[in-house]
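Note: the block below is data-v2.pdb and it holds PDB, C-alpha atoms.
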ATOM      1  CA  MET A   1      20.000  23.949  12.654  1.00  0.00           C
ATOM      2  CA  PRO A   2      23.600  24.355  13.901  1.00  0.00           C
ATOM      3  CA  SER A   3      26.297  23.932  11.294  1.00  0.00           C
ATOM      4  CA  LYS A   4      28.522  20.848  11.269  1.00  0.00           C
ATOM      5  CA  LYS A   5      31.482  23.030  12.268  1.00  0.00           C
ATOM      6  CA  SER A   6      29.671  24.522  15.250  1.00  0.00           C
ATOM      7  CA  LEU A   7      28.572  21.062  16.452  1.00  0.00           C
ATOM      8  CA  LEU A   8      32.140  19.763  16.212  1.00  0.00           C
ATOM      9  CA  LEU A   9      33.393  22.761  18.177  1.00  0.00           C
ATOM     10  CA  GLU A  10      30.702  22.135  20.767  1.00  0.00           C
ATOM     11  CA  GLN A  11      31.850  18.516  21.070  1.00  0.00           C
ATOM     12  CA  LYS A  12      35.350  19.624  22.018  1.00  0.00           C
ATOM     13  CA  THR A  13      34.045  21.673  24.954  1.00  0.00           C
ATOM     14  CA  LEU A  14      32.004  18.871  26.513  1.00  0.00           C
ATOM     15  CA  ASN A  15      33.180  16.929  29.544  1.00  0.00           C
ATOM     16  CA  TRP A  16      33.640  13.353  28.374  1.00  0.00           C
ATOM     17  CA  ASP A  17      34.726  11.950  31.748  1.00  0.00           C
ATOM     18  CA  SER A  18      31.331  11.911  33.446  1.00  0.00           C
ATOM     19  CA  GLU A  19      29.525   8.584  33.732  1.00  0.00           C
ATOM     20  CA  GLY A  20      26.383   7.980  31.758  1.00  0.00           C
ATOM     21  CA  LEU A  21      24.477   5.849  29.309  1.00  0.00           C
ATOM     22  CA  THR A  22      25.978   4.360  26.151  1.00  0.00           C
ATOM     23  CA  ALA A  23      23.980   3.989  22.942  1.00  0.00           C
ATOM     24  CA  GLY A  24      24.762   1.656  20.076  1.00  0.00           C
ATOM     25  CA  VAL A  25      23.928   2.747  16.524  1.00  0.00           C
ATOM     26  CA  ASP A  26      23.766   0.875  13.223  1.00  0.00           C
ATOM     27  CA  GLU A  27      22.043   1.153   9.860  1.00  0.00           C
ATOM     28  CA  ALA A  28      20.374  -1.070   7.292  1.00  0.00           C
ATOM     29  CA  GLY A  29      19.837  -0.454   3.625  1.00  0.00           C
ATOM     30  CA  ARG A  30      22.808   1.419   2.211  1.00  0.00           C
ATOM     31  CA  GLY A  31      23.215  -0.917  -0.743  1.00  0.00           C
ATOM     32  CA  PRO A  32      19.679  -1.502  -2.063  1.00  0.00           C
ATOM     33  CA  LEU A  33      18.286   0.225  -5.135  1.00  0.00           C
ATOM     34  CA  ALA A  34      15.005   1.142  -3.472  1.00  0.00           C
ATOM     35  CA  GLY A  35      13.457   2.179  -0.187  1.00  0.00           C
ATOM     36  CA  PRO A  36      14.758   4.315   2.664  1.00  0.00           C
ATOM     37  CA  VAL A  37      17.954   3.812   4.598  1.00  0.00           C
ATOM     38  CA  VAL A  38      17.141   2.962   8.210  1.00  0.00           C
ATOM     39  CA  ALA A  39      19.134   3.559  11.391  1.00  0.00           C
ATOM     40  CA  ALA A  40      18.505   2.488  14.958  1.00  0.00           C
ATOM     41  CA  ALA A  41      19.907   3.586  18.301  1.00  0.00           C
ATOM     42  CA  VAL A  42      19.672   1.401  21.403  1.00  0.00           C
ATOM     43  CA  ILE A  43      20.579   1.843  25.054  1.00  0.00           C
ATOM     44  CA  LEU A  44      20.613  -1.573  26.715  1.00  0.00           C
ATOM     45  CA  ASP A  45      19.899  -2.308  30.360  1.00  0.00           C
ATOM     46  CA  ASP A  46      23.075  -3.817  31.848  1.00  0.00           C
ATOM     47  CA  LEU A  47      20.986  -5.363  34.637  1.00  0.00           C
ATOM     48  CA  ASN A  48      18.674  -7.054  32.152  1.00  0.00           C
ATOM     49  CA  PRO A  49      20.959  -8.549  29.460  1.00  0.00           C
ATOM     50  CA  ILE A  50      19.647 -10.015  26.217  1.00  0.00           C
ATOM     51  CA  ARG A  51      21.191 -13.290  25.072  1.00  0.00           C
ATOM     52  CA  GLY A  52      22.057 -14.063  21.478  1.00  0.00           C
ATOM     53  CA  LEU A  53      22.767 -10.556  20.211  1.00  0.00           C
ATOM     54  CA  ASN A  54      24.929 -10.556  17.103  1.00  0.00           C
ATOM     55  CA  ASP A  55      25.375  -8.892  13.751  1.00  0.00           C
ATOM     56  CA  SER A  56      21.885  -9.059  12.220  1.00  0.00           C
ATOM     57  CA  LYS A  57      23.305 -10.512   8.989  1.00  0.00           C
ATOM     58  CA  LYS A  58      24.543 -13.559  10.930  1.00  0.00           C
ATOM     59  CA  LEU A  59      21.101 -14.361  12.334  1.00  0.00           C
ATOM     60  CA  THR A  60      18.172 -16.123  10.713  1.00  0.00           C
ATOM     61  CA  ALA A  61      15.087 -14.052   9.899  1.00  0.00           C
ATOM     62  CA  LYS A  62      13.138 -15.932  12.588  1.00  0.00           C
ATOM     63  CA  ARG A  63      15.799 -15.203  15.225  1.00  0.00           C
ATOM     64  CA  ARG A  64      15.972 -11.522  14.206  1.00  0.00           C
ATOM     65  CA  GLU A  65      12.220 -11.211  14.586  1.00  0.00           C
ATOM     66  CA  ALA A  66      12.324 -12.740  18.073  1.00  0.00           C
ATOM     67  CA  LEU A  67      15.197 -10.505  19.155  1.00  0.00           C
ATOM     68  CA  PHE A  68      13.473  -7.464  17.655  1.00  0.00           C
ATOM     69  CA  ASP A  69      10.584  -7.894  20.086  1.00  0.00           C
ATOM     70  CA  GLU A  70      12.879  -8.717  23.003  1.00  0.00           C
ATOM     71  CA  ILE A  71      15.072  -5.659  22.433  1.00  0.00           C
ATOM     72  CA  ARG A  72      12.052  -3.378  22.241  1.00  0.00           C
ATOM     73  CA  ALA A  73      10.695  -4.840  25.476  1.00  0.00           C
ATOM     74  CA  ARG A  74      13.898  -4.959  27.533  1.00  0.00           C
ATOM     75  CA  ALA A  75      16.164  -2.110  26.368  1.00  0.00           C
ATOM     76  CA  LEU A  76      16.208   1.042  28.461  1.00  0.00           C
ATOM     77  CA  CYS A  77      15.238   2.896  25.302  1.00  0.00           C
ATOM     78  CA  PHE A  78      15.521   2.698  21.542  1.00  0.00           C
ATOM     79  CA  ALA A  79      14.685   4.714  18.446  1.00  0.00           C
ATOM     80  CA  ILE A  80      14.380   3.864  14.761  1.00  0.00           C
ATOM     81  CA  ALA A  81      14.735   6.555  12.096  1.00  0.00           C
ATOM     82  CA  GLU A  82      14.858   6.796   8.314  1.00  0.00           C
ATOM     83  CA  ALA A  83      16.205   8.909   5.511  1.00  0.00           C
ATOM     84  CA  LYS A  84      13.737   8.812   2.648  1.00  0.00           C
ATOM     85  CA  VAL A  85      14.487   7.961  -0.960  1.00  0.00           C
ATOM     86  CA  GLN A  86      14.262  11.650  -1.903  1.00  0.00           C
ATOM     87  CA  GLU A  87      16.867  12.513   0.735  1.00  0.00           C
ATOM     88  CA  ILE A  88      19.155   9.747  -0.521  1.00  0.00           C
ATOM     89  CA  ASP A  89      18.929  11.144  -4.060  1.00  0.00           C
ATOM     90  CA  GLU A  90      19.491  14.726  -2.891  1.00  0.00           C
ATOM     91  CA  LEU A  91      22.287  14.144  -0.363  1.00  0.00           C
ATOM     92  CA  ASN A  92      23.922  10.856  -1.561  1.00  0.00           C
ATOM     93  CA  ILE A  93      23.640   7.574   0.323  1.00  0.00           C
ATOM     94  CA  LEU A  94      26.489   8.221   2.776  1.00  0.00           C
ATOM     95  CA  GLN A  95      25.127  11.567   3.951  1.00  0.00           C
ATOM     96  CA  ALA A  96      21.594  10.181   4.089  1.00  0.00           C
ATOM     97  CA  THR A  97      22.849   7.345   6.277  1.00  0.00           C
ATOM     98  CA  MET A  98      24.522   9.824   8.619  1.00  0.00           C
ATOM     99  CA  LEU A  99      21.263  11.787   8.735  1.00  0.00           C
ATOM    100  CA  ALA A 100      19.246   8.701   9.672  1.00  0.00           C
ATOM    101  CA  MET A 101      21.768   7.851  12.409  1.00  0.00           C
ATOM    102  CA  ARG A 102      21.597  11.348  13.838  1.00  0.00           C
ATOM    103  CA  ARG A 103      17.806  11.251  13.823  1.00  0.00           C
ATOM    104  CA  ALA A 104      17.837   7.938  15.689  1.00  0.00           C
ATOM    105  CA  VAL A 105      20.188   9.218  18.396  1.00  0.00           C
ATOM    106  CA  GLU A 106      18.254  12.464  18.799  1.00  0.00           C
ATOM    107  CA  ALA A 107      14.994  10.528  19.138  1.00  0.00           C
ATOM    108  CA  LEU A 108      16.178   8.494  22.139  1.00  0.00           C
ATOM    109  CA  ARG A 109      14.032   9.062  25.219  1.00  0.00           C
ATOM    110  CA  LEU A 110      17.140   9.031  27.435  1.00  0.00           C
ATOM    111  CA  PRO A 111      20.183  11.101  26.395  1.00  0.00           C
ATOM    112  CA  PRO A 112      23.375   9.037  26.052  1.00  0.00           C
ATOM    113  CA  LYS A 113      26.784  10.234  27.184  1.00  0.00           C
ATOM    114  CA  LEU A 114      28.539   8.070  24.593  1.00  0.00           C
ATOM    115  CA  VAL A 115      27.421   6.811  21.183  1.00  0.00           C
ATOM    116  CA  LEU A 116      29.128   3.799  19.598  1.00  0.00           C
ATOM    117  CA  VAL A 117      28.568   3.550  15.835  1.00  0.00           C
ATOM    118  CA  ASP A 118      29.209   0.559  13.606  1.00  0.00           C
ATOM    119  CA  GLY A 119      31.717   1.213  10.826  1.00  0.00           C
ATOM    120  CA  ASN A 120      34.413   3.808  10.282  1.00  0.00           C
ATOM    121  CA  ARG A 121      32.373   7.009   9.925  1.00  0.00           C
ATOM    122  CA  LEU A 122      30.437   9.101  12.401  1.00  0.00           C
ATOM    123  CA  PRO A 123      27.380  11.294  12.066  1.00  0.00           C
ATOM    124  CA  THR A 124      27.684  14.780  13.521  1.00  0.00           C
ATOM    125  CA  LEU A 125      26.307  14.584  17.058  1.00  0.00           C
ATOM    126  CA  GLY A 126      26.215  16.787  20.113  1.00  0.00           C
ATOM    127  CA  VAL A 127      27.609  13.993  22.299  1.00  0.00           C
ATOM    128  CA  ARG A 128      30.807  11.984  22.297  1.00  0.00           C
ATOM    129  CA  ALA A 129      30.824   9.317  19.587  1.00  0.00           C
ATOM    130  CA  GLU A 130      33.212   6.569  18.500  1.00  0.00           C
ATOM    131  CA  ALA A 131      33.218   4.491  15.311  1.00  0.00           C
ATOM    132  CA  ILE A 132      33.895   0.768  15.739  1.00  0.00           C
ATOM    133  CA  VAL A 133      34.657  -1.383  12.686  1.00  0.00           C
ATOM    134  CA  LYS A 134      32.625  -4.613  12.862  1.00  0.00           C
ATOM    135  CA  GLY A 135      30.976  -3.197  15.949  1.00  0.00           C
ATOM    136  CA  ASP A 136      27.744  -5.012  15.128  1.00  0.00           C
ATOM    137  CA  ALA A 137      29.512  -8.269  16.039  1.00  0.00           C
ATOM    138  CA  LEU A 138      31.516  -6.867  18.958  1.00  0.00           C
ATOM    139  CA  VAL A 139      29.301  -4.462  20.928  1.00  0.00           C
ATOM    140  CA  PRO A 140      25.912  -5.728  22.190  1.00  0.00           C
ATOM    141  CA  ALA A 141      24.217  -2.326  21.892  1.00  0.00           C
ATOM    142  CA  ILE A 142      25.341  -2.018  18.262  1.00  0.00           C
ATOM    143  CA  SER A 143      24.195  -5.589  17.590  1.00  0.00           C
ATOM    144  CA  ALA A 144      20.801  -4.680  19.007  1.00  0.00           C
ATOM    145  CA  ALA A 145      20.655  -1.586  16.805  1.00  0.00           C
ATOM    146  CA  SER A 146      21.570  -3.628  13.732  1.00  0.00           C
ATOM    147  CA  ILE A 147      18.715  -6.037  14.449  1.00  0.00           C
ATOM    148  CA  LEU A 148      16.152  -3.259  14.936  1.00  0.00           C
ATOM    149  CA  ALA A 149      17.236  -1.492  11.756  1.00  0.00           C
ATOM    150  CA  LYS A 150      17.298  -4.682   9.671  1.00  0.00           C
ATOM    151  CA  VAL A 151      13.904  -6.004  10.777  1.00  0.00           C
ATOM    152  CA  HIS A 152      12.267  -2.584  10.445  1.00  0.00           C
ATOM    153  CA  ARG A 153      13.612  -2.163   6.923  1.00  0.00           C
ATOM    154  CA  ASP A 154      12.659  -5.688   5.869  1.00  0.00           C
ATOM    155  CA  ARG A 155       9.097  -4.965   6.996  1.00  0.00           C
ATOM    156  CA  LEU A 156       9.092  -1.761   4.962  1.00  0.00           C
ATOM    157  CA  CYS A 157      10.129  -3.794   1.924  1.00  0.00           C
ATOM    158  CA  ASP A 158       7.269  -6.211   2.539  1.00  0.00           C
ATOM    159  CA  GLU A 159       4.944  -3.190   2.472  1.00  0.00           C
ATOM    160  CA  LEU A 160       6.559  -1.977  -0.764  1.00  0.00           C
ATOM    161  CA  HIS A 161       5.856  -5.396  -2.258  1.00  0.00           C
ATOM    162  CA  LEU A 162       2.145  -4.895  -1.627  1.00  0.00           C
ATOM    163  CA  GLN A 163       2.280  -1.571  -3.485  1.00  0.00           C
ATOM    164  CA  TYR A 164       4.595  -2.675  -6.311  1.00  0.00           C
ATOM    165  CA  PRO A 165       4.391  -6.491  -6.560  1.00  0.00           C
ATOM    166  CA  VAL A 166       6.099  -6.740  -9.977  1.00  0.00           C
ATOM    167  CA  TYR A 167       9.525  -5.990  -8.441  1.00  0.00           C
ATOM    168  CA  GLY A 168       9.614  -8.726  -5.781  1.00  0.00           C
ATOM    169  CA  PHE A 169      10.649  -6.513  -2.850  1.00  0.00           C
ATOM    170  CA  ASN A 170       9.520  -9.191  -0.385  1.00  0.00           C
ATOM    171  CA  GLN A 171      12.279 -11.466  -1.695  1.00  0.00           C
ATOM    172  CA  HIS A 172      15.318  -9.289  -2.429  1.00  0.00           C
ATOM    173  CA  LYS A 173      14.512  -6.369  -0.055  1.00  0.00           C
ATOM    174  CA  GLY A 174      15.520  -3.851  -2.706  1.00  0.00           C
ATOM    175  CA  TYR A 175      18.977  -5.229  -3.493  1.00  0.00           C
ATOM    176  CA  GLY A 176      20.123  -5.412  -7.098  1.00  0.00           C
ATOM    177  CA  THR A 177      19.485  -9.088  -7.724  1.00  0.00           C
ATOM    178  CA  ALA A 178      18.992 -10.486 -11.225  1.00  0.00           C
ATOM    179  CA  GLN A 179      15.246 -10.655 -10.533  1.00  0.00           C
ATOM    180  CA  HIS A 180      15.135  -7.020  -9.463  1.00  0.00           C
ATOM    181  CA  LEU A 181      17.221  -5.772 -12.393  1.00  0.00           C
ATOM    182  CA  ALA A 182      15.045  -7.695 -14.841  1.00  0.00           C
ATOM    183  CA  ALA A 183      11.911  -6.136 -13.341  1.00  0.00           C
ATOM    184  CA  LEU A 184      13.484  -2.676 -13.614  1.00  0.00           C
ATOM    185  CA  GLN A 185      14.222  -3.244 -17.289  1.00  0.00           C
ATOM    186  CA  ALA A 186      10.714  -4.537 -17.925  1.00  0.00           C
ATOM    187  CA  HIS A 187       8.728  -1.962 -15.962  1.00  0.00           C
ATOM    188  CA  GLY A 188      11.040   0.992 -15.317  1.00  0.00           C
ATOM    189  CA  PRO A 189      11.546   2.423 -11.814  1.00  0.00           C
ATOM    190  CA  ALA A 190       8.799   2.976  -9.252  1.00  0.00           C
ATOM    191  CA  PRO A 191       8.589   6.052  -6.988  1.00  0.00           C
ATOM    192  CA  CYS A 192      10.326   4.048  -4.236  1.00  0.00           C
ATOM    193  CA  HIS A 193      13.477   3.526  -6.331  1.00  0.00           C
ATOM    194  CA  ARG A 194      16.656   5.534  -5.763  1.00  0.00           C
ATOM    195  CA  MET A 195      16.971   7.438  -9.023  1.00  0.00           C
ATOM    196  CA  SER A 196      20.570   8.452  -8.267  1.00  0.00           C
ATOM    197  CA  PHE A 197      21.724   4.812  -8.292  1.00  0.00           C
ATOM    198  CA  ALA A 198      23.184   3.805 -11.655  1.00  0.00           C
ATOM    199  CA  PRO A 199      21.124   0.618 -12.292  1.00  0.00           C
ATOM    200  CA  VAL A 200      17.934   2.588 -11.643  1.00  0.00           C
ATOM    201  CA  ALA A 201      19.004   5.529 -13.790  1.00  0.00           C
ATOM    202  CA  ARG A 202      19.779   3.154 -16.662  1.00  0.00           C
ATOM    203  CA  SER A 203      16.309   1.618 -16.450  1.00  0.00           C
ATOM    204  CA  LYS A 204      14.369   4.848 -16.979  1.00  0.00           C
ATOM    205  CA  LYS A 205      12.115   4.595 -19.989  1.00  0.00           C
TER     206      LYS A 205
END

Encoded form (structure tokens):
Amino acid sequence: MPSKKSLLLEQKTLNWDSEGLTAGVDEAGRGPLAGPVVAAAVILDDLNPIRGLNDSKKLTAKRREALFDEIRARALCFAIAEAKVQEIDELNILQATMLAMRRAVEALRLPPKLVLVDGNRLPTLGVRAEAIVKGDALVPAISAASILAKVHRDRLCDELHLQYPVYGFNQHKGYGTAQHLAALQAHGPAPCHRMSFAPVARSKK
């Protein structure tokens, strides 16, 4: 795998003026105490626009689910990627998030010329990339990525609930709610918990 320095040097030599596809990228799950962090990359079809795209947090669960299916059906291409709990604990959550974003971009069926990422940090990529604060509310492709990442991760949490029902993952999606913290104190952490996060570390029996 090329080093971060070599990829950055490669970026500087690329021709950024040529026309091409733009991908939007966003993540879900940086804050929770359990489960993977998820990233999505989406290239929308300008000739087939999708109405109602917005920051996934501003949409109801029902609307996110509907848009999830519509994005998958009508986007030119998309990819959803994860960084596992073990990677989060080994790398830290920021670097794991960057890893998931890079995996999503690299998994796209069509190569983008430009990648627009929500937030103020960029993963190391072999293509031009720009960070856009609040991009999930401003850029339709990033909004679409935020919806894919959010719905995918919520479904993973529903699956975790079936494996570990005492924690209530289907309700809090892994976030450190009072219910979740109480379950951690009562039962200790499960294999899906992020052991490097302080509330989880404190709950070890």

Open item on the list: Just the number, please: distance in Å from CA of Lys173 (chain A) to CA of Leu156 (chain A), one decimal.
Closed with: 8.7 Å

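CA of Leu94 (chain A) is found 22.3 Å from CA of Val139 (chain A).
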
Open item on the list: So that I can see what lies close to Ala131 (chain A), please list as a ChimeraX atom specification the residues with an atom at most 7 Å from it, counting all atoms listed in the file and leaving out residues fewer than 4 positions away in the same chain.
Closed with: /A:116-122

Could you save the residues just selected, with C-alpha atoms, as a PDB file, keeping the file's coordinate frame?
ATOM      1  CA  LEU A 116      29.128   3.799  19.598  1.00  0.00           C
ATOM      2  CA  VAL A 117      28.568   3.550  15.835  1.00  0.00           C
ATOM      3  CA  ASP A 118      29.209   0.559  13.606  1.00  0.00           C
ATOM      4  CA  GLY A 119      31.717   1.213  10.826  1.00  0.00           C
ATOM      5  CA  ASN A 120      34.413   3.808  10.282  1.00  0.00           C
ATOM      6  CA  ARG A 121      32.373   7.009   9.925  1.00  0.00           C
ATOM      7  CA  LEU A 122      30.437   9.101  12.401  1.00  0.00           C
TER       8      LEU A 122
END

Open item on the list: I'd like the neighbourhood of Leu44 (chain A) as an NGL selection string, where a residue qualifies if any of its atoms comes within 9 Å (using only C-alpha atoms), though same-chain residues fewer than 4 positions away should be ignored.
Closed with: :A and (21-24 or 48-50 or 71 or 74-78 or 140-141 or 144)

Task: Answer key for the PyMOL selection byres ((chain A and resi 128) around 8), residues as a PyMOL selection string - done: chain A and resi 11+16+113-115+125-127+129-130

Open item on the list: Here is a test: counting only C-alpha atoms, which residue of A:Lys150, A:His172, A:His187, A:Arg30 is nearest to Ser203 (chain A)?
Closed with: A:His187

Task: Reference answer for the PyMOL selection byres ((chain A and resi 103) around 10), as number ranges by chain - done: A: 39-41, 79-83, 97-102, 104-108, 123, 125

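Considering the residues A:Val200, A:Ala34, A:Leu138, A:Ala183 and counting only C-alpha atoms, Leu160 (chain A) has its shortest atom-to-atom contact with A:Ala34.
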
Can you patch up region 74-85 of chain A, filling it in to all heavy atoms, and show the result as a CSV table (one decimal), in the coordinates of the input?
chain,number,residue,atom,x,y,z
A,74,ARG,N,13.0,-4.9,26.4
A,74,ARG,CA,13.9,-5.0,27.5
A,74,ARG,C,15.0,-3.9,27.5
A,74,ARG,O,15.6,-3.7,28.5
A,74,ARG,CB,14.6,-6.3,27.6
A,74,ARG,CG,13.6,-7.5,27.8
A,74,ARG,CD,14.2,-8.8,27.7
A,74,ARG,NE,15.2,-9.1,28.8
A,74,ARG,CZ,15.9,-10.2,28.8
A,74,ARG,NH1,15.8,-11.1,28.0
A,74,ARG,NH2,16.8,-10.3,29.8
A,75,ALA,N,15.2,-3.2,26.4
A,75,ALA,CA,16.2,-2.1,26.4
A,75,ALA,C,15.7,-0.9,27.2
A,75,ALA,O,14.5,-0.8,27.4
A,75,ALA,CB,16.4,-1.7,24.9
A,76,LEU,N,16.6,-0.2,27.7
A,76,LEU,CA,16.2,1.0,28.5
A,76,LEU,C,15.5,2.0,27.5
A,76,LEU,O,14.5,2.6,27.9
A,76,LEU,CB,17.4,1.7,29.0
A,76,LEU,CG,18.1,1.1,30.2
A,76,LEU,CD1,19.3,1.9,30.7
A,76,LEU,CD2,17.1,0.9,31.4
A,77,CYS,N,15.9,2.1,26.3
A,77,CYS,CA,15.2,2.9,25.3
A,77,CYS,C,15.8,2.6,23.9
A,77,CYS,O,16.9,2.1,23.8
A,77,CYS,CB,15.3,4.4,25.6
A,77,CYS,SG,16.9,5.2,25.5
A,78,PHE,N,15.1,2.9,22.9
A,78,PHE,CA,15.5,2.7,21.5
A,78,PHE,C,14.8,3.7,20.6
A,78,PHE,O,13.8,4.3,21.0
A,78,PHE,CB,15.2,1.3,21.1
A,78,PHE,CG,13.8,1.0,20.9
A,78,PHE,CD1,13.2,1.2,19.7
A,78,PHE,CD2,13.0,0.5,22.0
A,78,PHE,CE1,11.8,0.9,19.5
A,78,PHE,CE2,11.7,0.3,21.8
A,78,PHE,CZ,11.1,0.5,20.6
A,79,ALA,N,15.3,3.9,19.5
A,79,ALA,CA,14.7,4.7,18.4
A,79,ALA,C,15.1,4.2,17.1
A,79,ALA,O,16.2,3.7,16.9
A,79,ALA,CB,15.1,6.2,18.6
A,80,ILE,N,14.1,4.3,16.1
A,80,ILE,CA,14.4,3.9,14.8
A,80,ILE,C,14.0,5.1,13.9
A,80,ILE,O,13.0,5.7,14.1
A,80,ILE,CB,13.5,2.6,14.4
A,80,ILE,CG1,13.8,1.4,15.3
A,80,ILE,CG2,13.8,2.3,12.9
A,80,ILE,CD1,12.9,0.3,15.1
A,81,ALA,N,14.9,5.4,13.0
A,81,ALA,CA,14.7,6.6,12.1
A,81,ALA,C,15.1,6.2,10.7
A,81,ALA,O,15.8,5.2,10.4
A,81,ALA,CB,15.6,7.7,12.6
A,82,GLU,N,14.6,7.0,9.7
A,82,GLU,CA,14.9,6.8,8.3
A,82,GLU,C,15.4,8.1,7.6
A,82,GLU,O,15.2,9.2,8.1
A,82,GLU,CB,13.5,6.4,7.6
A,82,GLU,CG,12.9,5.2,8.2
A,82,GLU,CD,11.5,5.0,7.6
A,82,GLU,OE1,11.2,5.6,6.6
A,82,GLU,OE2,10.7,4.2,8.2
A,83,ALA,N,16.0,7.8,6.5
A,83,ALA,CA,16.2,8.9,5.5
A,83,ALA,C,15.5,8.4,4.3
A,83,ALA,O,15.8,7.3,3.8
A,83,ALA,CB,17.7,9.2,5.3
A,84,LYS,N,14.6,9.2,3.8
A,84,LYS,CA,13.7,8.8,2.6
A,84,LYS,C,14.5,8.7,1.3
A,84,LYS,O,15.6,9.3,1.2
A,84,LYS,CB,12.6,9.8,2.5
A,84,LYS,CG,11.7,9.9,3.8
A,84,LYS,CD,11.0,8.6,4.1
A,84,LYS,CE,10.1,8.8,5.3
A,84,LYS,NZ,9.4,7.6,5.7
A,85,VAL,N,13.9,8.1,0.4
A,85,VAL,CA,14.5,8.0,-1.0
A,85,VAL,C,14.9,9.3,-1.5
A,85,VAL,O,15.9,9.5,-2.1
A,85,VAL,CB,13.5,7.2,-1.9
A,85,VAL,CG1,14.0,7.3,-3.4
A,85,VAL,CG2,13.4,5.8,-1.5
